[in-house]
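Dropping structure_35.cif in here (mmCIF, C-alpha atoms and all ligand atoms):
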data_work
#
loop_
_atom_site.label_atom_id
_atom_site.label_comp_id
_atom_site.auth_asym_id
_atom_site.auth_seq_id
_atom_site.Cartn_x
_atom_site.Cartn_y
_atom_site.Cartn_z
CA MET K 1111 -6.04 16.17 -13.60
CA TYR K 1112 -3.61 14.73 -11.06
CA ASP K 1113 0.05 14.11 -11.85
CA LEU K 1114 -0.24 10.82 -10.01
CA LEU K 1115 -2.93 8.58 -8.55
CA ILE K 1116 -1.87 5.83 -6.15
CA VAL K 1117 -4.06 2.79 -5.47
CA GLY K 1118 -3.59 1.33 -1.97
CA GLY K 1119 -2.40 2.70 1.37
CA GLY K 1120 -0.18 -0.25 2.45
CA PRO K 1121 3.59 0.26 2.89
CA SER K 1122 4.15 0.43 -0.89
CA GLY K 1123 1.42 3.00 -1.59
CA SER K 1124 2.30 5.05 1.49
CA SER K 1125 5.97 5.30 0.67
CA ALA K 1126 5.06 6.33 -2.88
CA GLY K 1127 2.52 8.84 -1.55
CA ARG K 1128 4.98 10.44 0.86
CA LEU K 1129 7.75 10.87 -1.69
CA ALA K 1130 5.31 12.16 -4.34
CA GLY K 1131 4.22 14.91 -1.91
CA GLN K 1132 7.83 15.76 -1.13
CA LYS K 1133 8.64 15.95 -4.85
CA GLY K 1134 5.77 18.38 -5.46
CA LEU K 1135 3.63 16.06 -7.59
CA LYS K 1136 -0.12 16.71 -7.44
CA THR K 1137 -1.08 13.31 -6.02
CA LEU K 1138 -4.15 11.46 -4.79
CA LEU K 1139 -3.86 8.20 -2.82
CA ILE K 1140 -7.01 6.04 -2.66
CA GLU K 1141 -7.35 3.26 -0.06
CA LYS K 1142 -10.45 1.05 0.08
CA GLU K 1143 -10.35 0.40 3.84
CA THR K 1144 -10.72 2.82 6.73
CA PHE K 1145 -7.50 2.89 8.77
CA PRO K 1146 -6.38 1.49 11.14
CA ARG K 1147 -7.29 -1.86 9.57
CA TYR K 1148 -6.15 -5.43 10.33
CA LYS K 1149 -3.52 -6.86 7.98
CA PRO K 1150 -2.39 -10.51 8.25
CA CYS K 1151 1.38 -10.33 8.82
CA GLY K 1152 4.19 -11.65 11.02
CA GLY K 1153 5.09 -8.03 11.68
CA ALA K 1154 8.87 -8.46 11.32
CA LEU K 1155 10.27 -5.23 9.95
CA SER K 1156 13.84 -5.87 8.77
CA GLU K 1157 16.71 -3.43 9.14
CA GLN K 1158 16.51 -2.99 5.40
CA ALA K 1159 12.87 -1.84 5.67
CA LEU K 1160 13.74 0.62 8.45
CA SER K 1161 16.68 1.99 6.51
CA CYS K 1162 14.35 2.93 3.61
CA LEU K 1163 12.22 5.26 5.76
CA ASP K 1164 13.20 8.95 5.88
CA PHE K 1165 12.00 9.24 9.50
CA PRO K 1166 12.49 7.22 12.69
CA LEU K 1167 9.62 5.00 13.84
CA PRO K 1168 8.22 6.17 17.20
CA GLU K 1169 8.17 3.90 20.24
CA SER K 1170 4.40 3.60 19.97
CA VAL K 1171 4.96 1.61 16.74
CA ARG K 1172 8.07 -0.39 17.71
CA GLU K 1173 7.22 -3.36 19.95
CA ARG K 1174 10.41 -5.41 20.22
CA GLU K 1175 13.92 -5.30 18.90
CA ILE K 1176 15.19 -8.56 17.46
CA PHE K 1177 18.84 -9.61 17.55
CA GLY K 1178 18.69 -13.35 16.93
CA VAL K 1179 17.19 -16.36 15.19
CA ARG K 1180 16.15 -19.71 16.64
CA ILE K 1181 15.69 -22.46 14.07
CA HIS K 1182 13.85 -25.74 14.70
CA PHE K 1183 14.29 -28.73 12.43
CA LYS K 1184 12.91 -32.14 13.51
CA GLU K 1185 14.43 -32.79 16.97
CA SER K 1186 17.21 -30.18 16.66
CA VAL K 1187 17.30 -26.52 17.58
CA ILE K 1188 19.94 -23.93 16.77
CA GLU K 1189 19.95 -20.37 18.12
CA GLY K 1190 22.29 -17.47 17.44
CA TYR K 1191 22.41 -13.76 18.29
CA LYS K 1192 24.08 -10.82 16.63
CA SER K 1193 25.60 -7.80 18.35
CA TYR K 1194 23.41 -5.63 16.12
CA ARG K 1195 19.62 -5.49 15.59
CA ILE K 1196 18.29 -7.51 12.66
CA ALA K 1197 14.56 -6.64 12.84
CA THR K 1198 11.89 -4.75 14.78
CA MET K 1199 8.50 -6.25 15.60
CA VAL K 1200 5.46 -4.14 14.74
CA THR K 1201 1.69 -4.62 14.51
CA ARG K 1202 0.66 -3.91 10.94
CA SER K 1203 -2.52 -2.00 11.72
CA THR K 1204 -0.41 0.44 13.80
CA LEU K 1205 2.51 0.62 11.37
CA ASP K 1206 0.36 1.11 8.27
CA ASN K 1207 -1.75 3.75 10.00
CA TYR K 1208 1.39 5.65 11.00
CA LEU K 1209 2.85 5.43 7.49
CA LEU K 1210 -0.40 6.78 6.04
CA GLU K 1211 -0.25 9.76 8.43
CA LYS K 1212 3.25 10.48 7.07
CA VAL K 1213 1.73 10.65 3.57
CA LYS K 1214 -0.71 13.40 4.60
CA GLU K 1215 2.13 15.25 6.36
CA ALA K 1216 3.95 15.45 2.98
CA GLY K 1217 0.97 17.19 1.36
CA THR K 1218 -0.49 14.30 -0.62
CA GLU K 1219 -4.29 14.04 -0.72
CA VAL K 1220 -5.58 10.79 0.83
CA LYS K 1221 -9.04 9.25 0.46
CA THR K 1222 -9.92 6.15 2.49
CA GLY K 1223 -13.02 3.98 2.27
CA GLU K 1224 -13.10 4.35 -1.53
CA LYS K 1225 -12.30 1.46 -3.86
CA VAL K 1226 -10.67 1.69 -7.29
CA LEU K 1227 -12.65 -0.61 -9.58
CA ASP K 1228 -10.87 -0.18 -12.91
CA TYR K 1229 -8.72 2.13 -15.01
CA ARG K 1230 -8.09 2.80 -18.69
CA GLU K 1231 -4.90 4.19 -20.27
CA LYS K 1232 -6.03 6.90 -22.71
CA GLY K 1233 -2.90 8.16 -24.46
CA SER K 1234 -2.00 11.35 -22.60
CA PHE K 1235 -3.60 10.34 -19.27
CA VAL K 1236 -5.24 7.50 -17.36
CA GLU K 1237 -8.92 7.42 -16.39
CA ILE K 1238 -9.58 5.80 -13.01
CA TYR K 1239 -13.00 4.52 -11.96
CA THR K 1240 -13.87 4.12 -8.27
CA ASN K 1241 -17.11 3.18 -6.52
CA GLU K 1242 -17.68 6.94 -6.08
CA GLN K 1243 -16.34 8.82 -9.11
CA ILE K 1244 -14.00 9.07 -12.09
CA TYR K 1245 -10.52 10.61 -11.81
CA ARG K 1246 -7.84 11.51 -14.33
CA ALA K 1247 -4.10 11.32 -13.74
CA LYS K 1248 -0.95 11.43 -15.86
CA PHE K 1249 0.35 8.31 -14.08
CA VAL K 1250 -1.09 5.57 -11.89
CA ILE K 1251 0.83 3.53 -9.32
CA ILE K 1252 -0.84 0.29 -8.24
CA GLY K 1253 0.00 -0.81 -4.69
CA GLU K 1254 -3.09 -2.97 -4.18
CA GLY K 1255 -1.19 -5.83 -2.53
CA SER K 1256 -1.34 -9.48 -3.53
CA GLN K 1257 -5.12 -9.85 -3.53
CA GLY K 1258 -6.37 -7.11 -5.87
CA LYS K 1259 -7.33 -7.66 -9.49
CA LEU K 1260 -6.10 -4.42 -11.14
CA LYS K 1261 -2.59 -5.82 -11.62
CA SER K 1262 -3.89 -8.39 -14.10
CA LYS K 1263 -4.12 -5.65 -16.76
CA THR K 1264 -0.34 -5.32 -16.59
CA ARG K 1265 0.97 -8.78 -15.74
CA LYS K 1266 -0.29 -12.32 -16.00
CA ILE K 1267 -1.81 -14.00 -12.96
CA ASP K 1268 0.71 -16.13 -11.03
CA ALA K 1269 0.66 -19.92 -11.30
CA LYS K 1270 0.51 -21.93 -8.05
CA SER K 1271 4.28 -22.47 -8.16
CA GLU K 1272 4.79 -18.68 -8.29
CA TYR K 1273 3.06 -17.58 -5.09
CA GLY K 1274 2.74 -18.68 -1.51
CA ILE K 1275 -0.09 -18.99 0.98
CA CYS K 1276 0.41 -17.64 4.50
CA ILE K 1277 -1.86 -18.19 7.50
CA VAL K 1278 -1.37 -16.27 10.72
CA THR K 1279 -2.94 -15.77 14.12
CA GLU K 1280 -2.18 -13.65 17.16
CA VAL K 1281 -1.89 -15.60 20.43
CA GLU K 1282 -2.32 -13.32 23.44
CA GLU K 1283 0.21 -13.81 26.24
CA GLU K 1284 1.70 -11.88 29.16
CA ASN K 1285 4.98 -10.13 28.29
CA GLU K 1286 6.81 -11.89 31.16
CA LYS K 1287 5.93 -15.29 29.70
CA ILE K 1288 6.94 -14.20 26.20
CA ASP K 1289 10.25 -12.89 27.58
CA ARG K 1290 10.94 -16.22 29.24
CA TYR K 1291 10.19 -18.13 26.04
CA ILE K 1292 11.79 -15.90 23.41
CA SER K 1293 12.37 -12.24 24.01
CA ARG K 1294 14.75 -11.00 21.33
CA ALA K 1295 14.71 -13.63 18.57
CA MET K 1296 12.51 -14.87 15.74
CA GLU K 1297 11.64 -18.56 15.92
CA ILE K 1298 11.49 -20.41 12.62
CA HIS K 1299 10.38 -24.04 12.09
CA PHE K 1300 11.71 -25.55 8.88
CA ASP K 1301 10.10 -28.97 9.34
CA VAL K 1302 6.43 -27.97 8.99
CA MET K 1303 6.01 -28.53 5.26
CA GLU K 1304 7.91 -28.59 1.97
CA MET K 1305 8.91 -25.21 0.43
CA GLY K 1306 7.87 -23.16 3.43
CA TYR K 1307 8.18 -22.67 7.18
CA GLY K 1308 6.32 -21.95 10.40
CA TRP K 1309 7.10 -18.99 12.65
CA ILE K 1310 6.62 -17.80 16.23
CA PHE K 1311 7.45 -14.11 16.63
CA PRO K 1312 7.36 -12.26 19.99
CA HIS K 1313 5.30 -9.06 20.04
CA GLU K 1314 3.83 -6.76 22.71
CA LYS K 1315 1.49 -9.05 24.72
CA TYR K 1316 1.08 -11.56 21.89
CA TYR K 1317 2.88 -14.05 19.68
CA SER K 1318 2.45 -13.92 15.93
CA VAL K 1319 2.18 -17.59 14.94
CA GLY K 1320 1.98 -18.55 11.30
CA ILE K 1321 2.85 -20.82 8.43
CA GLY K 1322 3.61 -20.11 4.80
CA ALA K 1323 4.61 -22.15 1.77
CA PHE K 1324 4.40 -22.22 -2.01
CA ALA K 1325 0.77 -22.78 -2.98
CA ASN K 1326 1.51 -25.88 -5.09
CA LYS K 1327 3.00 -27.59 -2.00
CA LEU K 1328 0.28 -26.64 0.49
CA SER K 1329 -3.05 -28.32 -0.20
CA ASP K 1330 -4.73 -27.71 3.18
CA PRO K 1331 -3.11 -24.67 4.84
CA LYS K 1332 -5.60 -24.38 7.71
CA ARG K 1333 -5.04 -28.01 8.74
CA VAL K 1334 -1.23 -27.51 8.63
CA MET K 1335 -1.65 -24.34 10.70
CA ARG K 1336 -3.84 -26.04 13.32
CA GLU K 1337 -1.28 -28.86 13.67
CA PHE K 1338 1.55 -26.34 13.98
CA LEU K 1339 -0.30 -24.46 16.73
CA LYS K 1340 -1.04 -27.65 18.65
CA LYS K 1341 2.51 -28.98 18.35
CA ASN K 1342 3.77 -25.78 19.95
CA GLY K 1343 1.34 -25.86 22.85
CA PHE K 1344 -1.16 -23.30 21.55
CA ASN K 1345 -4.45 -25.05 22.23
CA GLY K 1346 -6.99 -22.22 22.12
CA ASN K 1347 -9.65 -21.52 19.54
CA TYR K 1348 -7.77 -19.02 17.40
CA ARG K 1349 -9.02 -16.97 14.48
CA LEU K 1350 -6.89 -17.92 11.47
CA ARG K 1351 -6.37 -15.32 8.78
CA GLY K 1352 -4.12 -15.02 5.79
CA HIS K 1353 -3.81 -14.71 2.08
CA THR K 1354 -1.52 -15.19 -0.87
CA ILE K 1355 1.97 -13.78 -1.11
CA PRO K 1356 3.85 -13.59 -4.43
CA ALA K 1357 7.30 -15.18 -4.76
CA GLY K 1358 9.95 -12.80 -6.06
CA GLY K 1359 12.56 -14.01 -8.54
CA ILE K 1360 10.00 -14.83 -11.23
CA LYS K 1361 9.91 -12.71 -14.37
CA ARG K 1362 6.87 -10.41 -14.35
CA ASN K 1363 5.90 -7.34 -16.35
CA VAL K 1364 5.52 -4.46 -13.88
CA ILE K 1365 4.86 -1.42 -16.08
CA GLY K 1366 2.28 -0.26 -18.62
CA SER K 1367 2.68 2.93 -20.63
CA ARG K 1368 1.46 5.13 -17.72
CA VAL K 1369 0.97 2.51 -15.01
CA VAL K 1370 3.47 1.07 -12.52
CA LEU K 1371 3.00 -1.90 -10.18
CA ILE K 1372 4.72 -1.73 -6.78
CA GLY K 1373 5.11 -3.97 -3.69
CA ASP K 1374 3.16 -7.24 -3.64
CA ALA K 1375 1.24 -6.19 -6.75
CA ALA K 1376 4.58 -6.33 -8.62
CA GLY K 1377 5.60 -9.60 -6.94
CA PHE K 1378 8.42 -8.03 -4.91
CA VAL K 1379 8.72 -10.48 -1.99
CA ASP K 1380 11.83 -12.40 -0.91
CA PRO K 1381 10.86 -16.01 -1.81
CA PHE K 1382 13.06 -17.49 0.92
CA ALA K 1383 12.03 -15.41 3.94
CA GLY K 1384 8.63 -14.15 2.76
CA GLU K 1385 9.75 -10.62 3.61
CA GLY K 1386 7.91 -8.01 1.55
CA ILE K 1387 7.63 -4.77 3.53
CA ALA K 1388 11.15 -3.54 2.68
CA TYR K 1389 10.63 -4.07 -1.05
CA ALA K 1390 7.15 -2.56 -0.90
CA ILE K 1391 8.57 0.62 0.62
CA ARG K 1392 11.54 0.80 -1.71
CA SER K 1393 9.64 0.02 -4.94
CA GLY K 1394 7.08 2.74 -4.09
CA GLN K 1395 9.92 5.23 -3.76
CA ILE K 1396 11.67 4.14 -6.96
CA ALA K 1397 8.41 4.41 -8.93
CA VAL K 1398 7.92 8.01 -7.76
CA GLU K 1399 11.56 8.95 -8.42
CA VAL K 1400 11.18 7.81 -12.03
CA ILE K 1401 7.72 9.38 -12.56
CA ALA K 1402 8.78 12.70 -11.00
CA GLU K 1403 11.69 12.93 -13.47
CA ILE K 1404 9.33 12.35 -16.40
CA VAL K 1405 6.79 14.91 -15.14
CA HIS K 1406 9.23 17.62 -14.03
CA GLN K 1407 11.74 17.28 -16.87
CA ASN K 1408 9.27 16.49 -19.66
CA LYS K 1409 11.02 13.20 -20.37
CA GLU K 1410 9.65 10.58 -22.74
CA LEU K 1411 7.25 7.92 -21.47
CA LYS K 1412 9.69 5.15 -22.35
CA GLU K 1413 11.85 6.37 -19.44
CA LEU K 1414 9.40 4.47 -17.21
CA ARG K 1415 11.60 1.45 -18.08
CA ASP K 1416 14.11 2.87 -15.57
CA TYR K 1417 11.77 1.62 -12.84
CA GLU K 1418 12.30 -2.00 -13.90
CA ILE K 1419 16.04 -1.47 -14.32
CA ILE K 1420 16.54 0.08 -10.85
CA CYS K 1421 14.36 -2.54 -9.10
CA ARG K 1422 16.25 -5.32 -10.85
CA ARG K 1423 19.58 -3.85 -9.77
CA GLU K 1424 18.53 -3.12 -6.18
CA PHE K 1425 16.66 -6.34 -5.26
CA VAL K 1426 15.01 -8.38 -8.03
CA ASN K 1427 18.30 -10.02 -9.05
CA ASN K 1428 18.85 -11.02 -5.43
CA PHE K 1429 15.39 -12.68 -5.35
CA LYS K 1430 16.63 -15.09 -8.03
CA TYR K 1431 19.36 -16.30 -5.68
CA ALA K 1432 16.85 -16.49 -2.82
CA LEU K 1433 14.71 -18.73 -5.02
CA ILE K 1434 17.71 -20.99 -5.76
CA SER K 1435 18.45 -21.10 -1.99
CA VAL K 1436 14.90 -22.10 -1.05
CA LYS K 1437 14.82 -24.82 -3.72
CA MET K 1438 18.21 -26.19 -2.62
CA MET K 1439 17.25 -26.17 1.03
CA HIS K 1440 13.96 -27.96 0.58
CA ARG K 1441 15.45 -30.49 -1.86
CA PHE K 1442 18.03 -31.57 0.74
CA PRO K 1443 16.56 -30.44 4.09
CA ASP K 1444 18.46 -32.88 6.32
CA PHE K 1445 21.77 -32.03 4.72
CA PHE K 1446 21.10 -28.29 4.84
CA PHE K 1447 20.20 -28.36 8.52
CA LYS K 1448 23.25 -30.48 9.43
CA LEU K 1449 25.33 -27.95 7.55
CA LEU K 1450 23.81 -25.10 9.61
CA THR K 1451 24.10 -26.85 12.97
CA GLY K 1452 27.47 -28.49 12.36
CA ASN K 1453 29.41 -25.44 11.18
CA HIS K 1454 29.29 -22.27 13.21
CA GLU K 1455 30.48 -20.09 10.31
CA VAL K 1456 27.69 -21.32 7.99
CA PHE K 1457 24.99 -20.36 10.54
CA GLU K 1458 26.72 -17.07 11.42
CA LYS K 1459 26.83 -15.93 7.80
CA PHE K 1460 23.27 -17.18 7.18
CA THR K 1461 21.93 -14.90 9.93
CA GLU K 1462 23.64 -11.94 8.27
CA ILE K 1463 21.07 -12.07 5.46
CA PRO K 1464 18.07 -10.61 7.36
CA ALA K 1465 20.41 -8.01 8.85
CA LEU K 1466 21.31 -6.79 5.35
CA LYS K 1467 24.99 -7.60 5.87
CA LYS K 1468 24.84 -10.27 3.19
CA GLN K 1469 22.76 -10.92 0.08
CA TYR K 1470 21.65 -14.41 -1.02
CA ARG K 1471 24.02 -14.17 -3.94
CA SER K 1472 27.09 -13.38 -1.84
CA TYR K 1473 26.07 -16.08 0.68
CA LEU K 1474 25.87 -18.73 -2.05
CA GLU K 1475 29.11 -17.48 -3.59
CA TRP K 1476 30.74 -17.80 -0.19
CA LEU K 1477 29.19 -21.20 0.62
CA LEU K 1478 29.44 -23.16 -2.63
CA PRO K 1479 33.25 -23.40 -2.88
CA ARG K 1480 33.37 -24.42 0.80
CA LEU K 1481 30.69 -27.12 0.51
CA PRO K 1482 33.12 -30.07 0.01
CA LYS K 1483 35.03 -29.05 3.19
CA TYR K 1484 31.83 -28.63 5.23
CA LEU K 1485 30.35 -31.81 3.79
CA LEU K 1486 33.43 -33.72 4.92
CA SER K 1487 33.41 -32.21 8.42
CA THR K 1488 29.64 -32.86 8.74
CA MET K 1489 30.14 -36.51 7.77
CA THR K 1490 33.17 -37.09 10.00
CA SER K 1491 31.47 -35.44 13.01
CA ARG K 1492 28.84 -38.21 12.85
CA HIS K 1493 31.41 -40.96 13.55
C1 LIG E 1 0.52 -13.90 6.73
C2 LIG E 1 1.59 -13.01 6.18
C3 LIG E 1 2.70 -12.70 6.96
C4 LIG E 1 3.69 -11.81 6.48
N1 LIG E 1 4.73 -11.48 7.32
C5 LIG E 1 5.66 -10.58 6.90
C6 LIG E 1 6.70 -10.14 7.78
O1 LIG E 1 6.79 -10.55 8.96
N2 LIG E 1 7.61 -9.24 7.32
C7 LIG E 1 7.55 -8.74 6.02
O2 LIG E 1 8.42 -7.93 5.65
N3 LIG E 1 6.57 -9.12 5.18
C8 LIG E 1 5.61 -10.00 5.60
N4 LIG E 1 4.59 -10.36 4.75
C9 LIG E 1 4.51 -9.71 3.42
C10 LIG E 1 3.95 -8.29 3.56
O3 LIG E 1 2.77 -8.29 4.32
C11 LIG E 1 3.69 -7.67 2.19
O4 LIG E 1 4.81 -7.87 1.36
C12 LIG E 1 3.39 -6.16 2.30
O5 LIG E 1 2.23 -5.93 3.05
C13 LIG E 1 3.23 -5.56 0.90
O6 LIG E 1 2.81 -4.22 1.00
P1 LIG E 1 1.89 -3.58 -0.14
O7 LIG E 1 1.74 -2.16 0.19
O8 LIG E 1 2.41 -3.97 -1.47
O9 LIG E 1 0.50 -4.36 0.00
P2 LIG E 1 -0.55 -4.39 1.23
O10 LIG E 1 0.15 -4.23 2.51
O11 LIG E 1 -1.36 -5.61 1.02
O12 LIG E 1 -1.45 -3.11 1.01
C14 LIG E 1 -2.33 -3.00 -0.07
C15 LIG E 1 -3.41 -1.98 0.29
O13 LIG E 1 -4.17 -1.69 -0.88
C16 LIG E 1 -5.54 -1.61 -0.54
N5 LIG E 1 -6.29 -1.93 -1.76
C17 LIG E 1 -6.36 -3.11 -2.41
N6 LIG E 1 -7.12 -3.02 -3.50
C18 LIG E 1 -7.59 -1.73 -3.55
C19 LIG E 1 -8.42 -1.03 -4.46
N7 LIG E 1 -8.95 -1.62 -5.54
N8 LIG E 1 -8.69 0.28 -4.21
C20 LIG E 1 -8.15 0.90 -3.13
N9 LIG E 1 -7.35 0.27 -2.23
C21 LIG E 1 -7.06 -1.03 -2.45
C22 LIG E 1 -5.70 -2.65 0.56
O14 LIG E 1 -6.83 -2.39 1.36
C23 LIG E 1 -4.38 -2.50 1.33
O15 LIG E 1 -4.49 -1.57 2.39
C24 LIG E 1 3.58 -11.25 5.18
C25 LIG E 1 2.48 -11.58 4.37
C26 LIG E 1 1.49 -12.44 4.86
C27 LIG E 1 0.30 -12.77 3.98
#
Now that the file is in, can you turn its structure into structure tokens?
Amino acid sequence: MYDLLIVGGGPSGSSAGRLAGQKGLKTLLIEKETFPRYKPCGGALSEQALSCLDFPLPESVREREIFGVRIHFKESVIEGYKSYRIATMVTRSTLDNYLLEKVKEAGTEVKTGEKVLDYREKGSFVEIYTNEQIYRAKFVIIGEGSQGKLKSKTRKIDAKSEYGICIVTEVEEENEKIDRYISRAMEIHFDVMEMGYGWIFPHEKYYSVGIGAFANKLSDPKRVMREFLKKNGFNGNYRLRGHTIPAGGIKRNVIGSRVVLIGDAAGFVDPFAGEGIAYAIRSGQIAVEVIAEIVHQNKELKELRDYEIICRREFVNNFKYALISVKMMHRFPDFFFKLLTGNHEVFEKFTEIPALKKQYRSYLEWLLPRLPKYLLSTMTSRH
């Protein structure tokens, strides 16, 4: 009997696995793939994500430090840099492999190449069925990502308006050429499709190029991606990969009586930026903090509710404002972009969001009372 069984060795499962080892819980983490494995991702690790780790990332994992944002909209471009770092570029196969090593270091047992097929809550424990054997644990944490099916026992499957589709490819390039094009910024294109964006991120000897949007607004993602690549001068025959990504800010049930969903499985992704790694790491840690208290202090099972409460307080409430922001922006895209390009302060404060200096809520609270003033200055600057 384990205290805890964790499904999935992505950032959510790994952060849960590491903390569980540190807290002295008898834990098994099961990952279906053999690491390192490819994971479709832009690879932008925000400052928030880095700040959740209890160790520094080595240079072999960090590829580029990002200080700025370049935004394209129709014929206009706006670019701004901060004096502080807002993100670090990583390759997910390398990052996830490193995070999984940090799980083993903390004393948690890890099994890769084994797939969890199902589980059953049995009163005083959970029975877990894999393609190899049956396990028992007092608690199960599900960090299976957005694709797995286990989460459907705890929460309903998302409608098309509640998740996005992202497609990505890696375009190989010499570092000197990448440096000349964009060395320390993330490039975002807001004119690719409704309720989404395209990106070009600089990495070590490649660009991550991708598109993502809400599934109900994106009927042919591969066609949109091919057009985006072509428009930006990428004319090779690239392998396109991707999958769904849940939109945070939508009410979802994330706990059973002995089961907790974390990361993408719980739907913890910023619906404006599509950033999920930070919330995957943090939700994995919160889940273990709550479970460890129940196990070590013999608390009642209903204390598992604390997981929902802490997640809501730390980031789920903010997702609701991110969802309002994305809807507002895509309802009035021309106005929003004029607002960004025409008023230095509006752009400056906007770029504070990925750097964790501002939340969507405080940005909206700052912007809304000033809108009439900015609207007036945007209109008068046209004449
Ligand atoms: C194209 C794309 C680009 C993105 N770009 C960014 C970005 O730049 N920055 C950012 O912050 N976020 C980005 N995201 C979101 C980010 O990738 C996710 O939010 C993050 O990976 C969630 O981590 P996770 O641990 O919850 O899930 P995952 O990283 O998906 O990990 C889940 C793991 O569980 C394993 N697994 C699944 N089912 C089972 C099973 N039954 N048994 C055992 N193991 C199982 C899988 O093999 C996998 O290793 C992007 C997403 C996409 C699709």
Among listed residues K:Val1400, K:Ala1126, K:Met1305, K:Leu1411, nearest ligand LIG 1 (chain E) (using only C-alpha atoms and all ligand atoms): K:Ala1126
Non-local contacts of segment 1190-1203 of chain K (10 Å; only C-alpha atoms; under 6 positions in same chain excluded) as a ChimeraX atom specification: /K:1120-1121,1145-1160,1170-1181,1294-1296,1311-1314,1318,1454,1457-1458,1461-1467
Residue contacts of Ile1288 of chain K (8 Å, all atoms listed in the file) excluding same-chain residues fewer than 5 positions away, as a CSV table (one decimal) with C-alpha atoms, in the frame of the given file:
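Generated output (around_32.csv):
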chain,number,residue,atom,x,y,z
K,1283,GLU,CA,0.2,-13.8,26.2
K,1293,SER,CA,12.4,-12.2,24.0
K,1312,PRO,CA,7.4,-12.3,20.0
K,1315,LYS,CA,1.5,-9.0,24.7
K,1316,TYR,CA,1.1,-11.6,21.9
K,1317,TYR,CA,2.9,-14.0,19.7
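Considering only C-alpha atoms and all ligand atoms, the residue among K:Arg1265, K:Arg1351, K:Lys1136, K:His1182 positioned nearest to ligand LIG 1 (chain E) is K:Arg1351.
The closest residue to ligand LIG 1 (chain E), picked from K:Ser1271, K:Ser1435, K:Gln1395, K:Asn1342 and counting only C-alpha atoms and all ligand atoms, is K:Gln1395.
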At most 6 Å from ligand LIG 1 (chain E) (all atoms listed in the file): residue list as a VMD selection string: chain K and resid 1117 to 1123 1140 to 1143 1150 to 1155 1225 to 1227 1253 to 1256 1258 1276 to 1278 1352 to 1355 1373 to 1375 1379 1384 to 1388 1390
Nearest-residue call for Phe1425 of chain K, choices K:Trp1476, K:Phe1442, K:Phe1378, K:Phe1447, using all atoms listed in the file: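 Looking only at the distances to Phe1425 of chain K, the closest residue turns out to be K:Phe1378.
When atom CA of Glu1403 of chain K is paired with atom CA of Val1250 of chain K, their separation reads 14.8 Å.
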Nearest residue to Val1398 of chain K from the set K:Ile1116, K:Ala1383, K:Met1111, K:Leu1481 (distances using only C-alpha atoms):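 Looking at the shortest contact to Val1398 of chain K, the residue is K:Ile1116.
In this model, the gap between atom CA of Lys1327 of chain K and atom CA of Gly1308 of chain K comes to 14.0 Å.
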For atom CA of Thr1222 of chain K and atom CA of Ala1357 of chain K, the interatomic separation in Å (one decimal):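 It comes out at 28.4 Å.
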Using only C-alpha atoms: which of K:Gly1306, K:Gly1452, K:Gly1377, K:Gly1366 has the shortest distance to Phe1249 of chain K: K:Gly1366
Point (13.7, -17.4, -8.4), cut-off 10 Å, counting only C-alpha atoms, residues as number ranges by chain: K: 1272, 1357-1361, 1380-1382, 1426-1437
Shell of 10 Å around Val1405 of chain K, all atoms listed in the file, local chain residues under 4 positions omitted, as a PyMOL selection string: chain K and resi 1113-1114+1135+1248-1249+1400-1401+1409-1411
With 3 Å added on each side, what axis-aligned box encloses every listed atom of segment 1275-1288 of chain K? Give the centre and edge lengths in Å to one decimal, as AutoDock Vina command-line options.
--center_x 2.0 --center_y -14.6 --center_z 16.1 --size_x 15.9 --size_y 14.9 --size_z 36.2
Can you patch up segment 1162-1170 of chain K, filling it in to N, CA and C atoms, and show the result as a PDB file, keeping the file's coordinate frame?
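Output below, filename out_7.pdb:
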ATOM      1  N   CYS K1162      14.964   2.245   4.762  1.00  0.00           N
ATOM      2  CA  CYS K1162      14.350   2.930   3.610  1.00  0.00           C
ATOM      3  C   CYS K1162      13.484   4.119   4.029  1.00  0.00           C
ATOM      4  N   LEU K1163      13.107   4.160   5.310  1.00  0.00           N
ATOM      5  CA  LEU K1163      12.220   5.260   5.760  1.00  0.00           C
ATOM      6  C   LEU K1163      13.044   6.528   5.990  1.00  0.00           C
ATOM      7  N   ASP K1164      12.465   7.689   5.679  1.00  0.00           N
ATOM      8  CA  ASP K1164      13.200   8.950   5.880  1.00  0.00           C
ATOM      9  C   ASP K1164      12.866   9.578   7.227  1.00  0.00           C
ATOM     10  N   PHE K1165      12.322   8.750   8.152  1.00  0.00           N
ATOM     11  CA  PHE K1165      12.000   9.240   9.500  1.00  0.00           C
ATOM     12  C   PHE K1165      12.136   8.059  10.462  1.00  0.00           C
ATOM     13  N   PRO K1166      12.418   8.333  11.742  1.00  0.00           N
ATOM     14  CA  PRO K1166      12.490   7.220  12.690  1.00  0.00           C
ATOM     15  C   PRO K1166      11.089   6.764  13.084  1.00  0.00           C
ATOM     16  N   LEU K1167      10.934   5.482  13.382  1.00  0.00           N
ATOM     17  CA  LEU K1167       9.620   5.000  13.840  1.00  0.00           C
ATOM     18  C   LEU K1167       9.481   5.282  15.330  1.00  0.00           C
ATOM     19  N   PRO K1168       8.359   5.859  15.758  1.00  0.00           N
ATOM     20  CA  PRO K1168       8.220   6.170  17.200  1.00  0.00           C
ATOM     21  C   PRO K1168       8.062   4.901  18.035  1.00  0.00           C
ATOM     22  N   GLU K1169       8.283   5.055  19.327  1.00  0.00           N
ATOM     23  CA  GLU K1169       8.170   3.900  20.240  1.00  0.00           C
ATOM     24  C   GLU K1169       6.791   3.273  20.223  1.00  0.00           C
ATOM     25  N   SER K1170       5.769   4.116  19.970  1.00  0.00           N
ATOM     26  CA  SER K1170       4.400   3.600  19.970  1.00  0.00           C
ATOM     27  C   SER K1170       4.183   2.583  18.834  1.00  0.00           C
TER      28      SER K1170
END
